[in-house]
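Source file: upload-v9.tsv; contents: TSV, C-alpha atoms (C1' of nucleotides).
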```tsv
chain	number	residue	atom	x	y	z
A	2	MET	CA	24.69	5.64	-20.50
A	3	GLU	CA	22.79	2.51	-21.44
A	4	ILE	CA	22.58	1.16	-24.93
A	5	ARG	CA	20.61	-1.68	-26.46
A	6	ILE	CA	21.98	-4.77	-28.07
A	7	GLY	CA	21.74	-3.42	-31.61
A	8	ASP	CA	23.84	-0.38	-30.76
A	9	LEU	CA	26.39	-2.53	-29.00
A	10	ALA	CA	26.54	-4.73	-32.08
A	11	LYS	CA	27.23	-1.72	-34.29
A	12	ARG	CA	29.93	-0.40	-31.98
A	13	SER	CA	31.68	-3.72	-31.68
A	14	GLY	CA	31.26	-4.86	-35.25
A	15	CYS	CA	29.74	-8.15	-34.28
A	16	GLU	CA	26.28	-9.56	-34.72
A	17	VAL	CA	23.48	-9.26	-32.22
A	18	VAL	CA	23.19	-13.02	-31.99
A	19	THR	CA	26.89	-13.29	-31.27
A	20	ILE	CA	26.54	-10.98	-28.28
A	21	ARG	CA	23.73	-13.09	-26.91
A	22	TYR	CA	25.88	-16.14	-27.57
A	23	TYR	CA	28.77	-14.68	-25.55
A	24	GLU	CA	26.36	-14.01	-22.72
A	25	LYS	CA	25.12	-17.57	-22.81
A	26	GLU	CA	28.73	-18.79	-22.78
A	27	GLY	CA	29.47	-16.68	-19.73
A	28	LEU	CA	31.96	-14.36	-21.42
A	29	LEU	CA	29.73	-11.33	-21.05
A	30	PRO	CA	27.86	-10.77	-17.76
A	31	LYS	CA	24.10	-10.64	-17.90
A	32	PRO	CA	23.09	-7.04	-18.45
A	33	ALA	CA	20.23	-5.11	-16.87
A	34	ARG	CA	16.87	-5.25	-18.59
A	35	SER	CA	14.47	-2.53	-19.62
A	36	GLY	CA	10.79	-2.54	-18.78
A	37	GLY	CA	10.14	-4.33	-22.05
A	38	ASN	CA	12.79	-6.94	-21.25
A	39	PHE	CA	15.41	-5.51	-23.60
A	40	ARG	CA	19.06	-5.90	-22.64
A	41	LEU	CA	20.71	-2.66	-21.48
A	42	TYR	CA	24.49	-2.39	-21.68
A	43	GLY	CA	26.91	0.02	-20.04
A	44	ASP	CA	30.56	0.94	-20.44
A	45	VAL	CA	31.75	-2.19	-18.69
A	46	HIS	CA	30.07	-4.38	-21.26
A	47	ILE	CA	31.33	-2.31	-24.14
A	48	GLU	CA	34.94	-2.54	-23.01
A	49	ARG	CA	34.64	-6.24	-22.26
A	50	LEU	CA	33.17	-6.99	-25.66
A	51	GLN	CA	35.96	-5.02	-27.31
A	52	PHE	CA	38.43	-7.14	-25.41
A	53	ILE	CA	36.73	-10.31	-26.58
A	54	ARG	CA	36.53	-9.21	-30.20
A	55	HIS	CA	40.14	-8.15	-30.23
A	56	CYS	CA	41.15	-11.56	-28.91
A	57	ARG	CA	38.98	-13.22	-31.54
A	58	SER	CA	40.58	-11.13	-34.25
A	59	LEU	CA	43.85	-12.64	-33.02
A	60	ASP	CA	42.26	-16.03	-33.53
A	61	MET	CA	42.07	-17.02	-29.89
A	62	THR	CA	39.44	-19.55	-28.94
A	63	LEU	CA	36.64	-18.67	-26.59
A	64	GLY	CA	38.35	-20.94	-24.07
A	65	GLU	CA	41.55	-18.94	-24.23
A	66	ILE	CA	39.58	-15.72	-23.97
A	67	ARG	CA	37.73	-17.07	-20.97
A	68	THR	CA	41.09	-17.71	-19.33
A	69	LEU	CA	42.34	-14.21	-20.08
A	70	LEU	CA	39.14	-12.67	-18.77
A	71	GLY	CA	39.50	-14.73	-15.62
A	72	LEU	CA	43.04	-13.43	-15.13
A	73	ARG	CA	41.80	-9.92	-15.71
A	74	ASP	CA	39.02	-10.33	-13.19
A	75	ASN	CA	41.38	-11.88	-10.63
A	76	PRO	CA	44.33	-9.51	-10.69
A	77	THR	CA	46.11	-10.90	-7.68
A	78	GLN	CA	48.82	-13.02	-9.23
A	79	ASP	CA	51.52	-11.98	-11.62
A	80	CYS	CA	50.90	-11.99	-15.35
A	81	GLY	CA	53.05	-14.99	-16.18
A	82	GLU	CA	50.00	-16.97	-17.24
A	83	VAL	CA	49.05	-14.30	-19.71
A	84	ASN	CA	52.50	-14.46	-21.24
A	85	ALA	CA	52.38	-18.23	-21.37
A	86	LEU	CA	48.99	-18.27	-23.06
A	87	LEU	CA	50.16	-15.86	-25.69
A	88	ASP	CA	53.40	-17.77	-26.25
A	89	ASP	CA	51.43	-20.97	-26.77
A	90	HIS	CA	49.21	-19.17	-29.20
A	91	ILE	CA	52.14	-17.84	-31.17
A	92	GLN	CA	53.65	-21.29	-31.33
A	93	LEU	CA	50.37	-22.72	-32.57
A	94	VAL	CA	50.34	-20.19	-35.37
A	95	GLU	CA	53.88	-21.12	-36.31
A	96	VAL	CA	52.99	-24.79	-36.46
A	97	ARG	CA	50.05	-24.01	-38.69
A	98	VAL	CA	52.13	-21.95	-41.05
A	99	ALA	CA	54.68	-24.72	-41.38
A	100	ALA	CA	51.97	-27.30	-42.04
A	101	LEU	CA	50.35	-25.09	-44.66
A	102	LEU	CA	53.62	-24.49	-46.47
A	103	GLN	CA	54.27	-28.20	-46.66
A	104	LEU	CA	50.72	-28.79	-47.77
A	105	LYS	CA	51.20	-26.27	-50.55
A	106	GLN	CA	54.28	-28.13	-51.76
A	107	HIS	CA	52.28	-31.34	-51.98
A	108	LEU	CA	49.51	-29.62	-53.86
A	109	LEU	CA	51.93	-28.04	-56.31
A	110	ALA	CA	53.60	-31.38	-56.93
A	111	LEU	CA	50.24	-32.91	-57.60
A	112	ARG	CA	49.23	-30.05	-59.83
A	113	GLU	CA	52.22	-30.60	-62.07
A	114	LYS	CA	50.98	-34.05	-62.95
A	115	CYS	CA	48.36	-32.64	-65.24
A	116	SER	CA	48.61	-29.53	-67.32
A	117	GLY	CA	46.54	-30.16	-70.39
A	118	ALA	CA	42.97	-30.82	-71.39
A	119	ARG	CA	43.23	-34.54	-71.75
A	120	PRO	CA	40.29	-36.82	-70.89
A	121	VAL	CA	39.65	-37.46	-67.20
A	122	ASP	CA	40.68	-41.11	-67.57
A	123	ALA	CA	44.23	-40.02	-68.21
A	124	CYS	CA	44.35	-37.13	-65.73
A	125	GLY	CA	47.55	-37.36	-63.76
A	126	ILE	CA	46.05	-35.58	-60.79
A	127	LEU	CA	43.25	-38.05	-60.27
A	128	GLN	CA	45.72	-40.87	-60.69
A	129	GLY	CA	48.04	-39.25	-58.19
A	130	LEU	CA	45.23	-38.94	-55.69
A	131	SER	CA	44.42	-42.63	-55.97
A	132	LYS	CA	47.86	-43.73	-54.95
A	133	ARG	CA	48.81	-44.00	-51.32
A	134	SER	CA	50.58	-40.67	-51.23
A	135	ARG	CA	54.13	-40.63	-50.00
A	136	PRO	CA	55.75	-37.82	-51.95
A	137	THR	CA	58.25	-36.54	-49.40
A	138	GLY	CA	57.00	-37.99	-46.16
A	139	GLU	CA	53.29	-37.39	-45.70
A	140	ALA	CA	53.07	-35.17	-42.68
A	141	SER	CA	49.90	-34.65	-40.76
A	142	PHE	CA	48.24	-31.53	-42.04
A	143	ALA	CA	45.71	-31.44	-39.25
A	144	ALA	CA	47.26	-28.25	-37.99
A	145	ALA	CA	46.54	-26.61	-41.32
A	146	ARG	CA	42.86	-27.39	-41.34
A	147	THR	CA	40.75	-24.26	-41.38
A	148	SER	CA	37.24	-23.03	-41.53
A	149	ARG	CA	36.32	-20.87	-44.48
A	150	GLY	CA	34.36	-18.38	-42.41
A	151	SER	CA	33.32	-14.87	-43.29
A	152	SER	CA	35.34	-11.91	-42.17
A	153	THR	CA	35.81	-10.99	-38.56
A	154	SER	CA	35.29	-7.27	-38.79
A	155	GLN	CA	37.11	-4.62	-36.85
A	156	ILE	CA	36.09	-3.25	-33.52
B	21	MET	CA	38.11	-60.69	-51.19
B	22	GLU	CA	35.73	-59.12	-48.73
B	23	ILE	CA	36.79	-57.39	-45.55
B	24	ARG	CA	34.85	-55.96	-42.65
B	25	ILE	CA	34.76	-52.38	-41.53
B	26	GLY	CA	37.42	-52.80	-38.85
B	27	ASP	CA	39.94	-54.15	-41.35
B	28	LEU	CA	39.13	-51.38	-43.77
B	29	ALA	CA	39.69	-48.89	-40.97
B	30	LYS	CA	43.11	-50.37	-40.22
B	31	ARG	CA	44.13	-50.34	-43.87
B	32	SER	CA	43.03	-46.79	-44.45
B	33	GLY	CA	44.14	-45.37	-41.15
B	34	CYS	CA	40.77	-43.86	-40.41
B	35	GLU	CA	38.21	-44.64	-37.77
B	36	VAL	CA	35.35	-47.05	-38.21
B	37	VAL	CA	32.85	-44.33	-37.45
B	38	THR	CA	34.42	-42.14	-40.10
B	39	ILE	CA	33.88	-44.80	-42.73
B	40	ARG	CA	30.24	-45.08	-41.78
B	41	TYR	CA	30.06	-41.30	-41.88
B	42	TYR	CA	31.43	-41.22	-45.43
B	43	GLU	CA	28.82	-43.76	-46.43
B	44	LYS	CA	26.08	-41.65	-44.91
B	45	GLU	CA	27.45	-38.64	-46.78
B	46	GLY	CA	27.34	-40.55	-50.06
B	47	LEU	CA	31.12	-40.55	-50.63
B	48	LEU	CA	31.39	-44.31	-50.23
B	49	PRO	CA	28.78	-46.54	-51.88
B	50	LYS	CA	26.75	-48.80	-49.62
B	51	PRO	CA	28.59	-52.09	-49.32
B	52	ALA	CA	27.18	-55.61	-49.34
B	53	ARG	CA	26.13	-57.06	-46.00
B	54	SER	CA	26.91	-60.37	-44.35
B	55	GLY	CA	24.29	-62.67	-42.89
B	56	GLY	CA	24.77	-60.91	-39.56
B	57	ASN	CA	24.30	-57.50	-41.18
B	58	PHE	CA	28.00	-56.61	-41.13
B	59	ARG	CA	29.33	-54.39	-43.93
B	60	LEU	CA	31.52	-56.24	-46.45
B	61	TYR	CA	33.96	-54.21	-48.50
B	62	GLY	CA	35.84	-55.07	-51.68
B	63	ASP	CA	38.71	-53.61	-53.68
B	64	VAL	CA	36.57	-50.85	-55.09
B	65	HIS	CA	35.78	-49.52	-51.65
B	66	ILE	CA	39.36	-49.78	-50.52
B	67	GLU	CA	40.66	-47.78	-53.44
B	68	ARG	CA	37.90	-45.19	-53.13
B	69	LEU	CA	38.53	-44.71	-49.43
B	70	GLN	CA	42.24	-44.28	-50.12
B	71	PHE	CA	41.35	-41.60	-52.64
B	72	ILE	CA	39.16	-39.84	-50.09
B	73	ARG	CA	41.75	-40.02	-47.33
B	74	HIS	CA	44.47	-38.75	-49.59
B	75	CYS	CA	42.32	-35.80	-50.55
B	76	ARG	CA	41.55	-35.16	-46.88
B	77	SER	CA	45.25	-35.27	-46.07
B	78	LEU	CA	45.57	-32.47	-48.63
B	79	ASP	CA	42.95	-30.60	-46.63
B	80	MET	CA	40.20	-30.75	-49.22
B	81	THR	CA	36.66	-30.49	-47.97
B	82	LEU	CA	34.22	-33.33	-48.40
B	83	GLY	CA	32.45	-31.12	-50.92
B	84	GLU	CA	35.57	-30.81	-53.05
B	85	ILE	CA	36.17	-34.53	-52.75
B	86	ARG	CA	32.60	-35.19	-53.80
B	87	THR	CA	33.26	-33.13	-56.91
B	88	LEU	CA	36.47	-34.98	-57.72
B	89	LEU	CA	34.76	-38.34	-57.22
B	90	GLY	CA	31.99	-37.21	-59.53
B	91	LEU	CA	34.53	-36.30	-62.20
B	92	ARG	CA	36.21	-39.64	-61.73
B	93	ASP	CA	32.92	-41.47	-62.04
B	94	ASN	CA	31.95	-39.47	-65.13
B	95	PRO	CA	35.10	-39.60	-67.22
B	96	THR	CA	33.61	-38.16	-70.38
B	97	GLN	CA	34.82	-34.57	-70.35
B	98	ASP	CA	38.34	-33.27	-70.17
B	99	CYS	CA	40.04	-32.78	-66.83
B	100	GLY	CA	40.01	-29.00	-66.83
B	101	GLU	CA	37.68	-28.99	-63.85
B	102	VAL	CA	40.10	-31.10	-61.87
B	103	ASN	CA	42.86	-28.63	-62.59
B	104	ALA	CA	40.64	-25.71	-61.66
B	105	LEU	CA	39.63	-27.27	-58.37
B	106	LEU	CA	43.21	-27.89	-57.44
B	107	ASP	CA	44.26	-24.40	-58.47
B	108	ASP	CA	41.55	-22.92	-56.28
B	109	HIS	CA	42.71	-25.07	-53.43
B	110	ILE	CA	46.29	-23.97	-53.81
B	111	GLN	CA	45.23	-20.36	-53.85
B	112	LEU	CA	43.20	-20.88	-50.70
B	113	VAL	CA	46.24	-22.27	-48.96
B	114	GLU	CA	48.29	-19.27	-50.03
B	115	VAL	CA	45.70	-16.87	-48.66
B	116	ARG	CA	45.71	-18.72	-45.37
B	117	VAL	CA	49.47	-18.63	-45.09
B	118	ALA	CA	49.51	-14.90	-45.68
B	119	ALA	CA	46.81	-14.34	-43.08
B	120	LEU	CA	48.63	-16.47	-40.54
B	121	LEU	CA	51.91	-14.66	-41.06
B	122	GLN	CA	50.24	-11.32	-40.49
B	123	LEU	CA	48.47	-12.72	-37.46
B	124	LYS	CA	51.79	-13.83	-36.07
B	125	GLN	CA	53.17	-10.33	-36.44
B	126	HIS	CA	50.28	-8.94	-34.45
B	127	LEU	CA	50.77	-11.54	-31.75
B	128	LEU	CA	54.48	-10.85	-31.52
B	129	ALA	CA	53.85	-7.13	-31.25
B	130	LEU	CA	51.41	-7.79	-28.45
B	131	ARG	CA	53.77	-10.16	-26.73
B	132	GLU	CA	56.45	-7.51	-26.54
B	133	LYS	CA	54.24	-5.36	-24.38
B	134	CYS	CA	54.89	-7.55	-21.38
B	135	SER	CA	58.01	-9.42	-20.54
B	136	GLY	CA	58.21	-9.54	-16.78
B	137	ALA	CA	56.32	-10.93	-13.85
B	138	ARG	CA	54.52	-7.79	-12.90
B	139	PRO	CA	50.99	-7.87	-11.43
B	140	VAL	CA	48.17	-8.50	-13.85
B	141	ASP	CA	46.84	-4.96	-13.35
B	142	ALA	CA	49.89	-3.60	-15.09
B	143	CYS	CA	50.23	-6.29	-17.75
B	144	GLY	CA	50.81	-4.64	-21.08
B	145	ILE	CA	49.27	-7.52	-22.96
B	146	LEU	CA	45.92	-7.31	-21.23
B	147	GLN	CA	45.95	-3.57	-21.69
B	148	GLY	CA	46.80	-3.98	-25.35
B	149	LEU	CA	43.92	-6.36	-25.80
B	150	SER	CA	41.48	-3.88	-24.31
B	151	LYS	CA	42.27	-1.20	-26.84
B	152	ARG	CA	40.60	-1.14	-30.18
B	153	SER	CA	43.48	-2.77	-31.96
B	154	ARG	CA	44.86	-0.95	-34.95
B	155	PRO	CA	48.55	-1.82	-34.90
B	156	THR	CA	49.28	-1.84	-38.62
B	157	GLY	CA	45.88	-2.12	-40.21
B	158	GLU	CA	43.79	-4.84	-38.61
B	159	ALA	CA	43.25	-7.34	-41.37
B	160	SER	CA	40.61	-9.97	-41.25
B	161	PHE	CA	42.17	-13.17	-40.04
B	162	ALA	CA	39.16	-15.27	-40.87
B	163	ALA	CA	41.20	-17.14	-43.44
B	164	ALA	CA	43.62	-18.17	-40.74
B	165	ARG	CA	41.05	-19.65	-38.42
B	166	THR	CA	41.63	-23.31	-37.83
B	167	SER	CA	40.37	-26.27	-35.98
B	168	ARG	CA	42.73	-27.92	-33.55
B	169	GLY	CA	41.83	-31.44	-34.60
B	170	SER	CA	43.74	-34.60	-34.00
B	171	SER	CA	46.08	-35.92	-36.62
B	172	THR	CA	44.92	-37.12	-39.99
B	173	SER	CA	46.98	-40.25	-40.20
B	174	GLN	CA	48.57	-41.75	-43.26
B	175	ILE	CA	46.90	-44.16	-45.63
C	9	DT	C1'	-4.12	7.55	-32.42
C	10	DA	C1'	-3.55	3.71	-35.51
C	11	DG	C1'	-0.68	1.13	-38.12
C	12	DA	C1'	3.63	-0.17	-39.94
C	13	DA	C1'	8.52	-0.57	-39.68
C	14	DA	C1'	12.31	-1.62	-37.00
C	15	DC	C1'	13.89	-3.59	-33.22
C	16	DT	C1'	14.10	-7.18	-29.55
C	17	DC	C1'	12.91	-11.54	-27.19
C	18	DT	C1'	13.37	-16.94	-26.62
C	19	DA	C1'	14.09	-21.31	-28.46
C	20	DT	C1'	15.65	-24.40	-31.82
C	21	DA	C1'	18.24	-26.25	-35.70
C	22	DG	C1'	22.03	-26.05	-38.81
C	23	DT	C1'	27.09	-25.54	-40.35
C	24	DA	C1'	32.08	-29.20	-41.06
C	25	DG	C1'	33.97	-33.32	-40.06
C	26	DC	C1'	34.11	-35.92	-37.34
C	27	DT	C1'	34.16	-38.16	-32.05
C	28	DA	C1'	31.83	-40.25	-28.21
C	29	DT	C1'	28.23	-42.72	-26.08
C	30	DA	C1'	24.42	-46.12	-25.18
C	31	DG	C1'	22.38	-50.32	-25.81
C	32	DA	C1'	21.94	-54.25	-28.54
C	33	DG	C1'	23.37	-57.92	-31.71
C	34	DT	C1'	27.20	-61.22	-34.01
C	35	DC	C1'	31.10	-64.12	-34.19
C	36	DA	C1'	35.29	-66.91	-32.98
C	37	DA	C1'	38.03	-69.04	-29.40
C	38	DG	C1'	38.53	-71.60	-25.11
D	25	DC	C1'	28.56	-71.89	-23.08
D	26	DT	C1'	30.69	-68.03	-21.86
D	27	DT	C1'	33.98	-64.50	-22.69
D	28	DG	C1'	35.81	-60.98	-25.44
D	29	DA	C1'	36.29	-58.61	-29.66
D	30	DC	C1'	33.79	-56.91	-33.06
D	31	DT	C1'	29.71	-54.77	-35.31
D	32	DC	C1'	25.09	-52.54	-35.58
D	33	DT	C1'	21.88	-48.17	-35.18
D	34	DA	C1'	20.78	-43.93	-33.21
D	35	DT	C1'	21.84	-39.91	-30.78
D	36	DA	C1'	24.50	-36.15	-28.75
D	37	DG	C1'	28.62	-33.40	-28.60
D	38	DC	C1'	32.55	-30.48	-30.32
D	39	DT	C1'	33.67	-24.80	-32.17
D	40	DA	C1'	31.90	-20.39	-32.93
D	41	DC	C1'	28.72	-19.01	-34.72
D	42	DT	C1'	24.45	-18.30	-38.30
D	43	DA	C1'	19.68	-18.84	-39.55
D	44	DT	C1'	14.93	-19.42	-38.63
D	45	DA	C1'	10.29	-19.13	-36.41
D	46	DG	C1'	7.04	-16.90	-33.84
D	47	DA	C1'	6.10	-13.52	-30.54
D	48	DG	C1'	6.51	-9.06	-28.11
D	49	DT	C1'	8.28	-3.83	-27.87
D	50	DT	C1'	9.40	0.54	-29.44
D	51	DT	C1'	9.51	4.21	-32.65
D	52	DC	C1'	8.15	6.62	-36.69
D	53	DT	C1'	4.72	8.33	-39.78
D	54	DA	C1'	0.01	9.39	-41.53
```

Write-out of the structure in structure tokens:
Amino acid sequence: MEIRIGDLAKRSGCEVVTIRYYEKEGLLPKPARSGGNFRLYGDVHIERLQFIRHCRSLDMTLGEIRTLLGLRDNPTQDCGEVNALLDDHIQLVEVRVAALLQLKQHLLALREKCSGARPVDACGILQGLSKRSRPTGEASFAAARTSRGSSTSQI
Amino acid sequence: MEIRIGDLAKRSGCEVVTIRYYEKEGLLPKPARSGGNFRLYGDVHIERLQFIRHCRSLDMTLGEIRTLLGLRDNPTQDCGEVNALLDDHIQLVEVRVAALLQLKQHLLALREKCSGARPVDACGILQGLSKRSRPTGEASFAAARTSRGSSTSQI
DNA sequence: TAGAAACTCTATAGTAGCTATAGAGTCAAG
DNA sequence: CTTGACTCTATAGCTACTATAGAGTTTCTA
């Protein structure tokens, strides 16, 4: 059973270009080609792409996924590395949540400085932003930084 | 009082290249130049860069900051737009927190599938990742996606 | 069987917010 | 007068894609 890239895209819920991108990045093996040079995928590719997309839906980086795929392809050792990778990932998420919650507190504090429709000159928010912020101890919010991407659809 | 880019970097806690980047992006006005073509900054630049860095520490995008700077530079209208921008930003943070918390639940559920040091072939995590995940309703975690940047230091 | 629509191909550039590098010029101290 | 610290411009790289151009292939319809 061989399908073309468009069908694989529909099945996996990701874009055609993304599949080609994964191939270029070495996450998906190069598939066979038809007479007209179209990519032809089989069950192995379908399962592997599902694996990748599931990992992505859990917000793993392509680097982490590469590691997991490597462990899957080399099933000699024990799965301690898999556990460790996932534990690290969970911890990362926890750090991000904490940073975001603190960030939200700062934003709310700032928001309270202006409630009305006064002229911009007198706006407490803009004035608050000009000062060298030190409301409760200026943490680094780098961990909270996010992309505003479109949805990662289901597989 | 005119300082060079390195001093401004030290004062603001951001890199020299970042300052030049902000200038290129039109967030910082082009400064005067010395005889040797070095940038010379005054109080106006210092305050403006502090404003920018504070906004960045609150995780605003350069686009949002551009808007705020525009409102600051055009102080004719009321500050309703400032409020609205901040409200949007707060809401965005809330959405991200919710997405991350759900993500964490999925990760923890996955993590429970393997606890021991069994061979990778039998690892419940890898097997869980191969299946077309639908643990409790596969949300889109796009809002939780983050960069793992270095710290945004204080100003 | 011709033509058009739908699909696929490669290659390249763009996104955000920087960071890193190369290669050259400037300035102050010893 | 040389050393070292600083600055300059321009370019490429990072993540995980997305968008575009221009060409070829396959499939459907008239």

Each residue of chain A with at least one atom at most 9 Å from chain C should appear once, together with its nearest atom pair and the corresponding distance in Å (one decimal); atoms considered: only C-alpha atoms (C1' of nucleotides); ordering: chain, then increasing residue number; output as a Markdown table.
```
| residue | atom | partner | partner_atom | distance |
| --- | --- | --- | --- | --- |
| A:Ile6 | CA | C:DT16 | C1' | 8.4 |
| A:Gly7 | CA | C:DC15 | C1' | 8.0 |
| A:Gly37 | CA | C:DT16 | C1' | 8.9 |
| A:Asn38 | CA | C:DC17 | C1' | 7.5 |
| A:Phe39 | CA | C:DT16 | C1' | 6.3 |
| A:Arg40 | CA | C:DT16 | C1' | 8.6 |
| A:Ser148 | CA | C:DA24 | C1' | 8.1 |
```

Sort by chain and increasing residue number a table of all residues of chain D within 10 Å of chain A, each with its closest pair of atoms and their distance in Å to one decimal, counting all atoms listed in the file, and write it as a tab-separated table.
```
residue	atom	partner	partner_atom	distance
D:DT39	C1'	A:Thr62	CA	8.4
D:DA40	C1'	A:Leu63	CA	8.1
D:DC41	C1'	A:Thr19	CA	6.9
D:DT42	C1'	A:Val18	CA	8.3
D:DG48	C1'	A:Gly37	CA	8.5
D:DT49	C1'	A:Gly37	CA	6.1
D:DT50	C1'	A:Gly37	CA	8.9
```

Provide the atom CA of A:Arg67 to atom CA of A:Asn84 distance in Å, to one decimal place.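 Going from atom CA of A:Arg67 over to atom CA of A:Asn84, I get 15.0 Å.
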
Which is closest to A:His90 among A:Met61, A:Ala10, A:Leu50, A:Cys124, if we use all atoms listed in the file? A:Met61

May I ask for the distance between atom CA of A:Arg97 and atom C1' of D:DG37, given in Å to one decimal place? 25.5 Å

What is the distance, in Å and to one decimal place, between atom CA of B:Glu22 and atom CA of B:Lys50?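 Distance between the two atoms: 13.7 Å.
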
Here is a test: counting only C-alpha atoms, which residue of B:Gly62, B:Arg131, B:Leu121, B:Asn94 is nearest to A:Asp89? B:Arg131

May I have the residues within 12 Å of B:Gln111 as an mmCIF file with C-alpha atoms, in the frame of the given file, using only C-alpha atoms (C1' of nucleotides) and disregarding those fewer than 4 positions away in the same chain?
```
data_model
loop_
_atom_site.group_PDB
_atom_site.id
_atom_site.type_symbol
_atom_site.label_atom_id
_atom_site.label_comp_id
_atom_site.auth_asym_id
_atom_site.auth_seq_id
_atom_site.Cartn_x
_atom_site.Cartn_y
_atom_site.Cartn_z
ATOM 1 C CA LEU A 101 50.350 -25.090 -44.660
ATOM 2 C CA LEU A 102 53.620 -24.490 -46.470
ATOM 3 C CA LEU A 104 50.720 -28.790 -47.770
ATOM 4 C CA LYS A 105 51.200 -26.270 -50.550
ATOM 5 C CA LEU A 108 49.510 -29.620 -53.860
ATOM 6 C CA LEU A 109 51.930 -28.040 -56.310
ATOM 7 C CA ALA B 104 40.640 -25.710 -61.660
ATOM 8 C CA LEU B 105 39.630 -27.270 -58.370
ATOM 9 C CA LEU B 106 43.210 -27.890 -57.440
ATOM 10 C CA ASP B 107 44.260 -24.400 -58.470
ATOM 11 C CA VAL B 115 45.700 -16.870 -48.660
ATOM 12 C CA ARG B 116 45.710 -18.720 -45.370
ATOM 13 C CA VAL B 117 49.470 -18.630 -45.090
ATOM 14 C CA ALA B 118 49.510 -14.900 -45.680
ATOM 15 C CA ALA B 163 41.200 -17.140 -43.440
#
```

Can you pull out every residue within 10 Å of B:Ile66, counting all atoms listed in the file, but drop anything in the same chain fewer than 2 positions away, and send it as a VMD selection string? chain B and resid 23 28 to 29 31 to 32 48 61 to 64 68 to 72

Can those selected residues be exported to a file as a CSV table (one decimal), keeping the file's coordinate frame so that it contains C-alpha atoms?
```csv
chain,number,residue,atom,x,y,z
B,23,ILE,CA,36.8,-57.4,-45.6
B,28,LEU,CA,39.1,-51.4,-43.8
B,29,ALA,CA,39.7,-48.9,-41.0
B,31,ARG,CA,44.1,-50.3,-43.9
B,32,SER,CA,43.0,-46.8,-44.4
B,48,LEU,CA,31.4,-44.3,-50.2
B,61,TYR,CA,34.0,-54.2,-48.5
B,62,GLY,CA,35.8,-55.1,-51.7
B,63,ASP,CA,38.7,-53.6,-53.7
B,64,VAL,CA,36.6,-50.8,-55.1
B,68,ARG,CA,37.9,-45.2,-53.1
B,69,LEU,CA,38.5,-44.7,-49.4
B,70,GLN,CA,42.2,-44.3,-50.1
B,71,PHE,CA,41.4,-41.6,-52.6
B,72,ILE,CA,39.2,-39.8,-50.1
```
